[in-house]
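> To be precise about what I am sending: the file is called protein34.pdb and holds PDB, C-alpha atoms and all ligand atoms.
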ATOM      1  CA  MET R   1      -7.148  -1.381  16.632
ATOM      2  CA  SER R   2      -9.300  -3.364  14.247
ATOM      3  CA  VAL R   3     -10.103  -2.925  10.576
ATOM      4  CA  GLN R   4     -13.265  -4.242   8.953
ATOM      5  CA  GLU R   5     -13.297  -6.100   5.663
ATOM      6  CA  SER R   6     -13.544  -3.648   2.706
ATOM      7  CA  GLU R   7     -12.764  -0.695   4.963
ATOM      8  CA  ILE R   8     -10.310   2.026   3.961
ATOM      9  CA  LEU R   9      -8.409   4.169   6.443
ATOM     10  CA  ALA R  10      -5.433   6.470   6.705
ATOM     11  CA  PHE R  11      -2.475   6.263   9.080
ATOM     12  CA  ILE R  12      -0.907   9.548  10.087
ATOM     13  CA  GLY R  13       1.655  10.608  12.661
ATOM     14  CA  PRO R  14       5.047  12.280  12.910
ATOM     15  CA  SER R  15       8.193  10.809  11.429
ATOM     16  CA  GLY R  16       9.372   7.952  13.604
ATOM     17  CA  SER R  17       5.972   7.433  15.261
ATOM     18  CA  GLY R  18       5.812   3.854  13.988
ATOM     19  CA  LYS R  19       3.575   3.909  10.905
ATOM     20  CA  THR R  20       5.909   1.867   8.717
ATOM     21  CA  THR R  21       6.723  -0.445  11.619
ATOM     22  CA  LEU R  22       3.029  -1.132  12.213
ATOM     23  CA  ILE R  23       2.515  -1.795   8.489
ATOM     24  CA  ARG R  24       5.449  -4.228   8.635
ATOM     25  CA  VAL R  25       3.963  -5.951  11.678
ATOM     26  CA  ILE R  26       0.634  -6.343   9.883
ATOM     27  CA  ASN R  27       2.260  -7.999   6.869
ATOM     28  CA  GLY R  28       4.435 -10.194   9.034
ATOM     29  CA  PHE R  29       7.859  -8.685   8.319
ATOM     30  CA  VAL R  30       8.387  -7.444  11.880
ATOM     31  CA  ARG R  31       7.618  -9.627  14.861
ATOM     32  CA  PRO R  32       5.924  -7.623  17.614
ATOM     33  CA  ASP R  33       7.469  -7.657  21.100
ATOM     34  CA  SER R  34       3.967  -7.854  22.515
ATOM     35  CA  GLY R  35       0.431  -7.940  21.216
ATOM     36  CA  LYS R  36      -0.894  -9.964  18.310
ATOM     37  CA  VAL R  37      -2.206  -9.625  14.790
ATOM     38  CA  THR R  38      -5.372 -11.447  13.806
ATOM     39  CA  ILE R  39      -6.399 -11.684  10.169
ATOM     40  CA  LYS R  40      -9.879 -13.011   9.366
ATOM     41  CA  GLY R  41     -10.095 -14.549  12.814
ATOM     42  CA  LYS R  42      -6.734 -16.324  12.522
ATOM     43  CA  GLU R  43      -3.897 -15.208  14.756
ATOM     44  CA  MET R  44      -0.658 -14.636  12.895
ATOM     45  CA  ASN R  45       2.043 -17.061  13.940
ATOM     46  CA  PHE R  46       5.284 -15.099  13.623
ATOM     47  CA  LYS R  47       7.359 -18.227  14.287
ATOM     48  CA  ASP R  48       5.929 -20.152  11.365
ATOM     49  CA  GLY R  49       7.473 -18.970   8.079
ATOM     50  CA  GLU R  50       5.115 -21.014   5.916
ATOM     51  CA  SER R  51       1.961 -19.649   7.537
ATOM     52  CA  LEU R  52       3.359 -16.097   7.242
ATOM     53  CA  ARG R  53       4.008 -16.748   3.569
ATOM     54  CA  GLN R  54       0.418 -17.897   3.072
ATOM     55  CA  LEU R  55      -0.931 -14.768   4.774
ATOM     56  CA  ARG R  56       1.387 -12.491   2.805
ATOM     57  CA  LYS R  57       0.059 -13.887  -0.450
ATOM     58  CA  LYS R  58      -3.152 -11.990   0.248
ATOM     59  CA  ILE R  59      -1.482  -8.724   1.273
ATOM     60  CA  GLY R  60      -0.381  -6.275  -1.421
ATOM     61  CA  MET R  61       2.181  -3.547  -0.744
ATOM     62  CA  ILE R  62       2.561  -0.099  -2.305
ATOM     63  CA  TYR R  63       5.679   1.914  -1.488
ATOM     64  CA  GLN R  64       6.871   5.498  -1.680
ATOM     65  CA  LEU R  65       9.677   4.602  -4.111
ATOM     66  CA  PHE R  66       7.539   2.161  -6.110
ATOM     67  CA  ASN R  67       9.971  -0.808  -5.676
ATOM     68  CA  LEU R  68       9.750  -1.858  -9.311
ATOM     69  CA  VAL R  69      12.375  -3.632 -11.394
ATOM     70  CA  GLU R  70      13.445  -0.564 -13.360
ATOM     71  CA  ARG R  71      15.230  -2.215 -16.260
ATOM     72  CA  THR R  72      12.436  -4.533 -17.305
ATOM     73  CA  SER R  73       9.110  -3.848 -18.962
ATOM     74  CA  VAL R  74       5.935  -2.614 -17.333
ATOM     75  CA  LEU R  75       4.188  -5.877 -18.236
ATOM     76  CA  GLU R  76       6.928  -8.004 -16.656
ATOM     77  CA  ASN R  77       6.684  -5.995 -13.454
ATOM     78  CA  VAL R  78       2.925  -6.490 -13.307
ATOM     79  CA  LEU R  79       3.231 -10.210 -14.086
ATOM     80  CA  ALA R  80       5.702 -10.531 -11.215
ATOM     81  CA  GLY R  81       2.760  -9.762  -8.930
ATOM     82  CA  ALA R  82       1.260 -13.126  -9.903
ATOM     83  CA  LEU R  83       4.294 -15.044  -8.611
ATOM     84  CA  GLY R  84       3.193 -14.897  -4.993
ATOM     85  CA  ARG R  85       0.070 -16.824  -5.929
ATOM     86  CA  TYR R  86       2.051 -19.809  -7.196
ATOM     87  CA  ASP R  87       3.866 -22.476  -5.260
ATOM     88  CA  LYS R  88       7.625 -22.370  -4.970
ATOM     89  CA  GLY R  89       8.369 -24.502  -8.078
ATOM     90  CA  LEU R  90       6.549 -22.267 -10.478
ATOM     91  CA  HIS R  91       7.983 -19.237  -8.739
ATOM     92  CA  LEU R  92      11.444 -20.323  -9.884
ATOM     93  CA  ILE R  93      10.628 -21.170 -13.492
ATOM     94  CA  SER R  94       8.346 -18.179 -14.030
ATOM     95  CA  SER R  95      11.218 -15.777 -13.569
ATOM     96  CA  THR R  96      11.128 -14.901 -17.245
ATOM     97  CA  ILE R  97       8.077 -13.507 -18.938
ATOM     98  CA  GLY R  98       7.776 -16.366 -21.468
ATOM     99  CA  PHE R  99       6.625 -18.790 -18.820
ATOM    100  CA  PHE R 100       3.474 -16.958 -17.874
ATOM    101  CA  PRO R 101       0.278 -18.539 -19.157
ATOM    102  CA  ASN R 102      -1.819 -16.454 -21.537
ATOM    103  CA  ASP R 103      -4.585 -15.882 -19.031
ATOM    104  CA  GLU R 104      -2.086 -14.239 -16.665
ATOM    105  CA  ARG R 105      -0.867 -11.976 -19.456
ATOM    106  CA  ASP R 106      -4.479 -11.075 -20.284
ATOM    107  CA  ARG R 107      -5.126 -10.344 -16.629
ATOM    108  CA  ALA R 108      -2.007  -8.135 -16.433
ATOM    109  CA  MET R 109      -3.131  -6.197 -19.528
ATOM    110  CA  GLU R 110      -6.612  -5.784 -18.052
ATOM    111  CA  LEU R 111      -5.109  -4.370 -14.858
ATOM    112  CA  LEU R 112      -2.882  -2.005 -16.829
ATOM    113  CA  SER R 113      -6.025  -0.703 -18.544
ATOM    114  CA  PHE R 114      -7.729  -0.414 -15.165
ATOM    115  CA  VAL R 115      -4.918   1.762 -13.801
ATOM    116  CA  GLY R 116      -4.828   3.722 -17.067
ATOM    117  CA  ILE R 117      -1.468   2.867 -18.657
ATOM    118  CA  ALA R 118      -2.116  -0.065 -20.984
ATOM    119  CA  GLU R 119      -0.247   1.738 -23.760
ATOM    120  CA  LYS R 120       2.972   1.531 -21.700
ATOM    121  CA  ALA R 121       2.891  -2.265 -21.311
ATOM    122  CA  TYR R 122       6.044  -2.900 -23.342
ATOM    123  CA  GLU R 123       7.976   0.154 -22.218
ATOM    124  CA  ARG R 124      10.853  -0.099 -19.754
ATOM    125  CA  VAL R 125       9.922   1.079 -16.281
ATOM    126  CA  ASP R 126      12.909   3.441 -16.015
ATOM    127  CA  ARG R 127      11.406   5.534 -18.831
ATOM    128  CA  LEU R 128       8.188   6.254 -16.927
ATOM    129  CA  SER R 129       7.249   9.220 -14.746
ATOM    130  CA  GLY R 130       6.744   8.767 -10.992
ATOM    131  CA  GLY R 131       2.967   8.753 -11.316
ATOM    132  CA  GLN R 132       3.107   6.154 -14.079
ATOM    133  CA  LYS R 133       5.474   4.026 -11.991
ATOM    134  CA  GLN R 134       3.075   4.108  -9.067
ATOM    135  CA  ARG R 135       0.289   2.958 -11.390
ATOM    136  CA  VAL R 136       2.461   0.013 -12.446
ATOM    137  CA  ALA R 137       3.136  -0.794  -8.775
ATOM    138  CA  ILE R 138      -0.600  -0.682  -8.061
ATOM    139  CA  ALA R 139      -1.335  -2.999 -11.008
ATOM    140  CA  ARG R 140       1.370  -5.368  -9.753
ATOM    141  CA  ALA R 141      -0.189  -5.407  -6.280
ATOM    142  CA  LEU R 142      -3.634  -6.108  -7.798
ATOM    143  CA  MET R 143      -2.150  -8.947  -9.859
ATOM    144  CA  GLN R 144      -1.562 -10.664  -6.544
ATOM    145  CA  GLU R 145      -5.366 -10.655  -5.961
ATOM    146  CA  PRO R 146      -4.935  -9.287  -2.430
ATOM    147  CA  ASP R 147      -7.583  -9.033   0.275
ATOM    148  CA  LEU R 148      -5.628  -6.227   1.914
ATOM    149  CA  LEU R 149      -3.551  -3.426   0.392
ATOM    150  CA  LEU R 150      -1.007  -1.602   2.542
ATOM    151  CA  ALA R 151       0.233   1.642   1.008
ATOM    152  CA  ASP R 152       3.169   3.305   2.783
ATOM    153  CA  GLU R 153       3.336   6.941   1.651
ATOM    154  CA  PRO R 154       2.229   6.137  -1.908
ATOM    155  CA  ILE R 155       2.256   9.790  -2.971
ATOM    156  CA  ALA R 156       5.291  11.098  -1.095
ATOM    157  CA  ASN R 157       7.351  11.441  -4.281
ATOM    158  CA  LEU R 158       4.645  12.822  -6.546
ATOM    159  CA  ASP R 159       3.455  16.324  -7.431
ATOM    160  CA  PRO R 160       0.056  17.458  -6.060
ATOM    161  CA  LYS R 161      -1.945  16.790  -9.228
ATOM    162  CA  THR R 162      -0.454  13.324  -9.730
ATOM    163  CA  SER R 163      -0.929  12.641  -6.010
ATOM    164  CA  SER R 164      -4.671  13.344  -6.269
ATOM    165  CA  LYS R 165      -4.957  11.010  -9.239
ATOM    166  CA  ILE R 166      -3.197   8.177  -7.391
ATOM    167  CA  ILE R 167      -5.383   8.673  -4.308
ATOM    168  CA  GLU R 168      -8.440   8.647  -6.589
ATOM    169  CA  LEU R 169      -7.253   5.344  -8.047
ATOM    170  CA  LEU R 170      -6.715   3.802  -4.597
ATOM    171  CA  LEU R 171     -10.198   4.892  -3.482
ATOM    172  CA  ARG R 172     -11.693   3.428  -6.659
ATOM    173  CA  ILE R 173      -9.922   0.112  -6.020
ATOM    174  CA  ASN R 174     -11.332   0.003  -2.503
ATOM    175  CA  LEU R 175     -14.833   0.839  -3.721
ATOM    176  CA  GLU R 176     -14.993  -1.351  -6.822
ATOM    177  CA  LYS R 177     -12.862  -4.305  -5.788
ATOM    178  CA  LYS R 178     -13.771  -4.209  -2.091
ATOM    179  CA  ILE R 179     -10.119  -4.525  -1.120
ATOM    180  CA  THR R 180      -9.408  -3.480   2.464
ATOM    181  CA  MET R 181      -6.862  -0.675   2.482
ATOM    182  CA  ILE R 182      -4.535   1.083   4.910
ATOM    183  CA  CYS R 183      -2.797   4.126   3.541
ATOM    184  CA  VAL R 184       0.055   5.937   5.323
ATOM    185  CA  LEU R 185      -0.102   9.620   4.433
ATOM    186  CA  HIS R 186       1.565  12.853   5.488
ATOM    187  CA  ASP R 187      -0.742  15.303   3.748
ATOM    188  CA  ILE R 188      -3.521  16.173   6.188
ATOM    189  CA  ASP R 189      -5.659  17.927   3.561
ATOM    190  CA  ILE R 190      -5.623  14.809   1.384
ATOM    191  CA  VAL R 191      -6.603  12.700   4.400
ATOM    192  CA  LYS R 192      -9.445  15.063   5.340
ATOM    193  CA  ASP R 193     -10.722  15.345   1.770
ATOM    194  CA  ASN R 194     -10.677  11.645   0.899
ATOM    195  CA  PHE R 195     -10.880   9.464   3.992
ATOM    196  CA  LYS R 196     -13.469   9.000   6.685
ATOM    197  CA  ARG R 197     -11.412   7.095   9.256
ATOM    198  CA  VAL R 198      -7.954   8.080  10.412
ATOM    199  CA  VAL R 199      -5.640   6.422  12.901
ATOM    200  CA  ALA R 200      -2.892   8.630  14.311
ATOM    201  CA  LEU R 201       0.294   7.254  15.810
ATOM    202  CA  LYS R 202       2.554   9.047  18.218
ATOM    203  CA  SER R 203       5.683   7.539  19.796
ATOM    204  CA  GLY R 204       4.608   4.035  18.875
ATOM    205  CA  ARG R 205       1.094   4.324  20.247
ATOM    206  CA  ILE R 206      -2.281   5.031  18.729
ATOM    207  CA  CYS R 207      -3.251   8.487  19.975
ATOM    208  CA  PHE R 208      -6.367   8.975  17.859
ATOM    209  CA  ASP R 209      -8.700   6.649  15.972
ATOM    210  CA  GLY R 210     -11.805   8.240  14.532
ATOM    211  CA  ASP R 211     -13.457  10.476  11.989
ATOM    212  CA  THR R 212     -11.222  12.708   9.878
ATOM    213  CA  LYS R 213     -13.711  15.507  10.600
ATOM    214  CA  SER R 214     -12.238  15.634  14.113
ATOM    215  CA  LEU R 215      -8.802  16.566  12.773
ATOM    216  CA  ASP R 216      -8.890  20.157  13.897
ATOM    217  CA  ARG R 217      -5.957  22.395  14.792
ATOM    218  CA  GLU R 218      -5.854  21.300  18.395
ATOM    219  CA  LEU R 219      -5.895  17.572  17.691
ATOM    220  CA  LEU R 220      -3.256  17.988  14.972
ATOM    221  CA  HIS R 221      -1.105  19.983  17.337
ATOM    222  CA  ASN R 222      -1.407  17.188  19.870
ATOM    223  CA  ILE R 223      -0.475  14.524  17.303
ATOM    224  CA  TYR R 224       2.383  16.464  15.751
ATOM    225  CA  GLU R 225       3.665  18.127  18.917
ATOM    226  CA  PHE R 226       7.205  19.375  18.405
ATOM    227  CA  GLU R 227       6.899  18.638  14.698
ATOM    228  CA  GLU R 228       7.569  21.271  12.092
ATOM    229  CA  ASN R 229       6.898  21.325   8.362
ATOM    230  CA  ILE R 230       3.345  20.143   8.470
ATOM    231  CA  VAL R 231       0.613  21.741   6.436
ATOM    232  CA  TRP R 232      -2.085  23.056   8.788
ATOM    233  CA  PRO R 233      -5.613  23.059   7.465
ATOM    234  CA  ALA R 234      -7.504  26.346   7.593
ATOM    235  CA  ALA R 235      -8.990  26.788  11.065
TER
HETATM  236  N1  LIG R 301      11.621  -4.087  15.175
HETATM  237  C1  LIG R 301      11.638  -2.942  15.834
HETATM  238  N2  LIG R 301      11.595  -2.912  17.180
HETATM  239  C2  LIG R 301      11.613  -1.773  17.855
HETATM  240  N3  LIG R 301      11.655  -0.558  17.276
HETATM  241  C3  LIG R 301      11.691  -0.516  15.955
HETATM  242  C4  LIG R 301      11.675  -1.691  15.158
HETATM  243  N4  LIG R 301      11.685  -1.330  13.867
HETATM  244  C5  LIG R 301      11.714   0.021  13.852
HETATM  245  N5  LIG R 301      11.727   0.504  15.098
HETATM  246  C6  LIG R 301      11.759   1.917  15.499
HETATM  247  O1  LIG R 301      10.459   2.430  15.374
HETATM  248  C7  LIG R 301      10.511   3.828  15.125
HETATM  249  C8  LIG R 301       9.472   4.173  14.115
HETATM  250  O2  LIG R 301       9.933   3.985  12.813
HETATM  251  P1  LIG R 301       8.958   3.960  11.563
HETATM  252  O3  LIG R 301       9.827   3.779  10.366
HETATM  253  O4  LIG R 301       7.887   2.967  11.781
HETATM  254  O5  LIG R 301       8.345   5.424  11.599
HETATM  255  P2  LIG R 301       7.335   6.121  10.587
HETATM  256  O6  LIG R 301       6.167   6.570  11.387
HETATM  257  O7  LIG R 301       7.064   5.241   9.432
HETATM  258  O8  LIG R 301       8.163   7.407  10.154
HETATM  259  P3  LIG R 301       8.254   8.165   8.722
HETATM  260  O9  LIG R 301       7.058   9.072   8.666
HETATM  261  O10 LIG R 301       9.524   8.923   8.810
HETATM  262  O11 LIG R 301       8.271   7.123   7.649
HETATM  263  C9  LIG R 301      11.936   4.141  14.708
HETATM  264  O12 LIG R 301      12.530   4.894  15.740
HETATM  265  C10 LIG R 301      12.598   2.783  14.584
HETATM  266  O13 LIG R 301      13.929   2.814  15.018
HETATM  267 MG    MG R 302       7.505   5.345   7.415
END
Translate this file's structure into structure tokens.
Ligand SMILES: Nc1ncnc2c1ncn2[C@@H]1O[C@H](COP(=O)(O)OP(=O)(O)OP(=O)(O)O)[C@@H](O)[C@H]1O
Ligand SMILES: [Mg+2]

Amino acid sequence: MSVQESEILAFIGPSGSGKTTLIRVINGFVRPDSGKVTIKGKEMNFKDGESLRQLRKKIGMIYQLFNLVERTSVLENVLAGALGRYDKGLHLISSTIGFFPNDERDRAMELLSFVGIAEKAYERVDRLSGGQKQRVAIARALMQEPDLLLADEPIANLDPKTSSKIIELLLRINLEKKITMICVLHDIDIVKDNFKRVVALKSGRICFDGDTKSLDRELLHNIYEFEENIVWPAA
């Protein structure tokens, strides 16, 4: 499959179909047994740690369980997103908030405003709600100044209303910041309502790549064969 610059698409497929694995191949954490990954015309060299590190600098990750440092402040978590941009030396000494230059702090505050939680900057992450935590995680990913954002079930732990808000935010980031985005989702209605392109995985293979309008009952049955607990759209 290929993804265009500034494109946004959804990954769907049953549990164990390989969505997370494919995301991890794209960001260089899993070396594929066969096939290759090409980013901006450059083939990823899975044997070269330094070149993987350089590529990863431009790839932001959003996770289901937020992956924040719970016992530190919102601002510190967002600032941590800047670390990937620095070379190793600064990475080590910037481990406490005091070492960040003012322009980075300003940038972090700007991003917290952008995601709508500037007033929580000095609060500890473990005091926030799930939706607020995901906003912090999104701000942290943006702090990295990524070209590509990979979101693996970003709304799996959130209630429906909060989920819609987070999806809205991700769509806005794609539209306004032109960041290419791949979003793993389980909620078919959310995919149909918000995305144009969907790629479906089944047993480690792509079984559909096309318009979300094509996701009718029959196609969904084919993708999720033998799967229970999925929400069927109205026929
Ligand atoms: N490096 C690897 N090589 C071969 N198989 C792997 C590797 N890593 C994971 N797998 C297998 O790939 C399968 C797919 O797992 P994956 O976590 O990607 O599924 P998923 O689609 O993200 O599922 P879920 O919706 O539950 O998150 C699993 O059976 C896993 O054991
Ligand atoms: Mg997964």
> Which one is closest to Leu65 of chain R: R:Leu79, R:Ala156, R:Ile23, R:Ala108? Count all atoms listed in the file.
R:Ala156
> May I ask you to write as a PDB file with C-alpha atoms, keeping the file's coordinate frame all residues lying at most 7 Å from ligand MG 302 (chain R), with only C-alpha atoms and all ligand atoms counted?

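Contents of pocket_38.pdb, freshly written:
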ATOM      1  CA  SER R  15       8.193  10.809  11.429  1.00  0.00           C
ATOM      2  CA  GLY R  16       9.372   7.952  13.604  1.00  0.00           C
ATOM      3  CA  GLY R  18       5.812   3.854  13.988  1.00  0.00           C
ATOM      4  CA  LYS R  19       3.575   3.909  10.905  1.00  0.00           C
ATOM      5  CA  THR R  20       5.909   1.867   8.717  1.00  0.00           C
ATOM      6  CA  ASP R 152       3.169   3.305   2.783  1.00  0.00           C
TER       7      ASP R 152
END
> What does the PyMOL selection byres (((chain R and resi 196) around 6) and not hetatm) select in this file, as a PyMOL selection string?
chain R and resi 195+197+211-212
> Return as a ChimeraX atom specification the residues of protein, DNA or RNA that approach ligand LIG 301 (chain R) to within 12 Å, with all atoms listed in the file taken into account.
/R:11-26,28-34,63-64,151-154,156,183-187,199-206,223-224,227,230
> Considering only C-alpha atoms, can you say which of R:Gln132, R:Lys40, R:Glu168, R:Asp103 comes closest to Glu119 of chain R?
R:Gln132
> Which residues are close to segment 75-78 of chain R, i.e. within 7 Å by only C-alpha atoms, leaving aside same-chain residues fewer than 2 positions away? Reply as a compact mmCIF listing (two decimals) with C-alpha atoms, in the frame of the given file.

# COMPACT_ATOMS: atom_id res chain seq x y z
CA LEU R 68 9.75 -1.86 -9.31
CA VAL R 69 12.38 -3.63 -11.39
CA THR R 72 12.44 -4.53 -17.30
CA SER R 73 9.11 -3.85 -18.96
CA ALA R 80 5.70 -10.53 -11.22
CA GLY R 81 2.76 -9.76 -8.93
CA ILE R 97 8.08 -13.51 -18.94
CA ALA R 108 -2.01 -8.14 -16.43
CA ALA R 121 2.89 -2.26 -21.31
CA TYR R 122 6.04 -2.90 -23.34
CA VAL R 136 2.46 0.01 -12.45
CA ALA R 139 -1.34 -3.00 -11.01
CA ARG R 140 1.37 -5.37 -9.75
CA MET R 143 -2.15 -8.95 -9.86
> Go through R:Leu52, R:Ile188, R:Leu112, R:Ala141 and flag the residue nearest Leu83 of chain R, using all atoms listed in the file for the distances.
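That would be R:Ala141, the residue with the smallest distance to Leu83 of chain R.
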> When you draw a straight line from atom CA of Glu145 of chain R to atom CA of Leu170 of chain R, how long is it in Å?
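Result for atom CA of Glu145 of chain R versus atom CA of Leu170 of chain R: 14.6 Å, one decimal.
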> Carefully work through the PyMOL selection byres (((chain R and resi 53) around 12) and not hetatm) for this structure and note down the residues it includes, as a PDB file with C-alpha atoms, keeping the file's coordinate frame.

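Below is the file part-v9.pdb, written as the result:
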ATOM      1  CA  ASN R  27       2.260  -7.999   6.869  1.00  0.00           C
ATOM      2  CA  GLY R  28       4.435 -10.194   9.034  1.00  0.00           C
ATOM      3  CA  PHE R  29       7.859  -8.685   8.319  1.00  0.00           C
ATOM      4  CA  MET R  44      -0.658 -14.636  12.895  1.00  0.00           C
ATOM      5  CA  ASN R  45       2.043 -17.061  13.940  1.00  0.00           C
ATOM      6  CA  PHE R  46       5.284 -15.099  13.623  1.00  0.00           C
ATOM      7  CA  LYS R  47       7.359 -18.227  14.287  1.00  0.00           C
ATOM      8  CA  ASP R  48       5.929 -20.152  11.365  1.00  0.00           C
ATOM      9  CA  GLY R  49       7.473 -18.970   8.079  1.00  0.00           C
ATOM     10  CA  GLU R  50       5.115 -21.014   5.916  1.00  0.00           C
ATOM     11  CA  SER R  51       1.961 -19.649   7.537  1.00  0.00           C
ATOM     12  CA  LEU R  52       3.359 -16.097   7.242  1.00  0.00           C
ATOM     13  CA  GLN R  54       0.418 -17.897   3.072  1.00  0.00           C
ATOM     14  CA  LEU R  55      -0.931 -14.768   4.774  1.00  0.00           C
ATOM     15  CA  ARG R  56       1.387 -12.491   2.805  1.00  0.00           C
ATOM     16  CA  LYS R  57       0.059 -13.887  -0.450  1.00  0.00           C
ATOM     17  CA  LYS R  58      -3.152 -11.990   0.248  1.00  0.00           C
ATOM     18  CA  ILE R  59      -1.482  -8.724   1.273  1.00  0.00           C
ATOM     19  CA  GLY R  84       3.193 -14.897  -4.993  1.00  0.00           C
ATOM     20  CA  ARG R  85       0.070 -16.824  -5.929  1.00  0.00           C
ATOM     21  CA  TYR R  86       2.051 -19.809  -7.196  1.00  0.00           C
ATOM     22  CA  ASP R  87       3.866 -22.476  -5.260  1.00  0.00           C
ATOM     23  CA  LYS R  88       7.625 -22.370  -4.970  1.00  0.00           C
TER      24      LYS R  88
END
> Rounded to one decimal in Å, what is the spacing between atom CA of Ala82 of chain R and atom CA of Leu142 of chain R?
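Distance reported for this atom pair: 8.8 Å.
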> Using Å and a single decimal, report how far atom CA of Asn102 of chain R sits from atom CA of Gln144 of chain R.
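Those two atoms sit 16.1 Å apart.
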> Can you work out which one of R:Glu70, R:Asp147, R:Asp193, R:Glu123 has the shortest atom-to-atom distance to Glu7 of chain R, counting all atoms listed in the file?
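The shortest atom-to-atom distance to Glu7 of chain R comes from R:Asp147.
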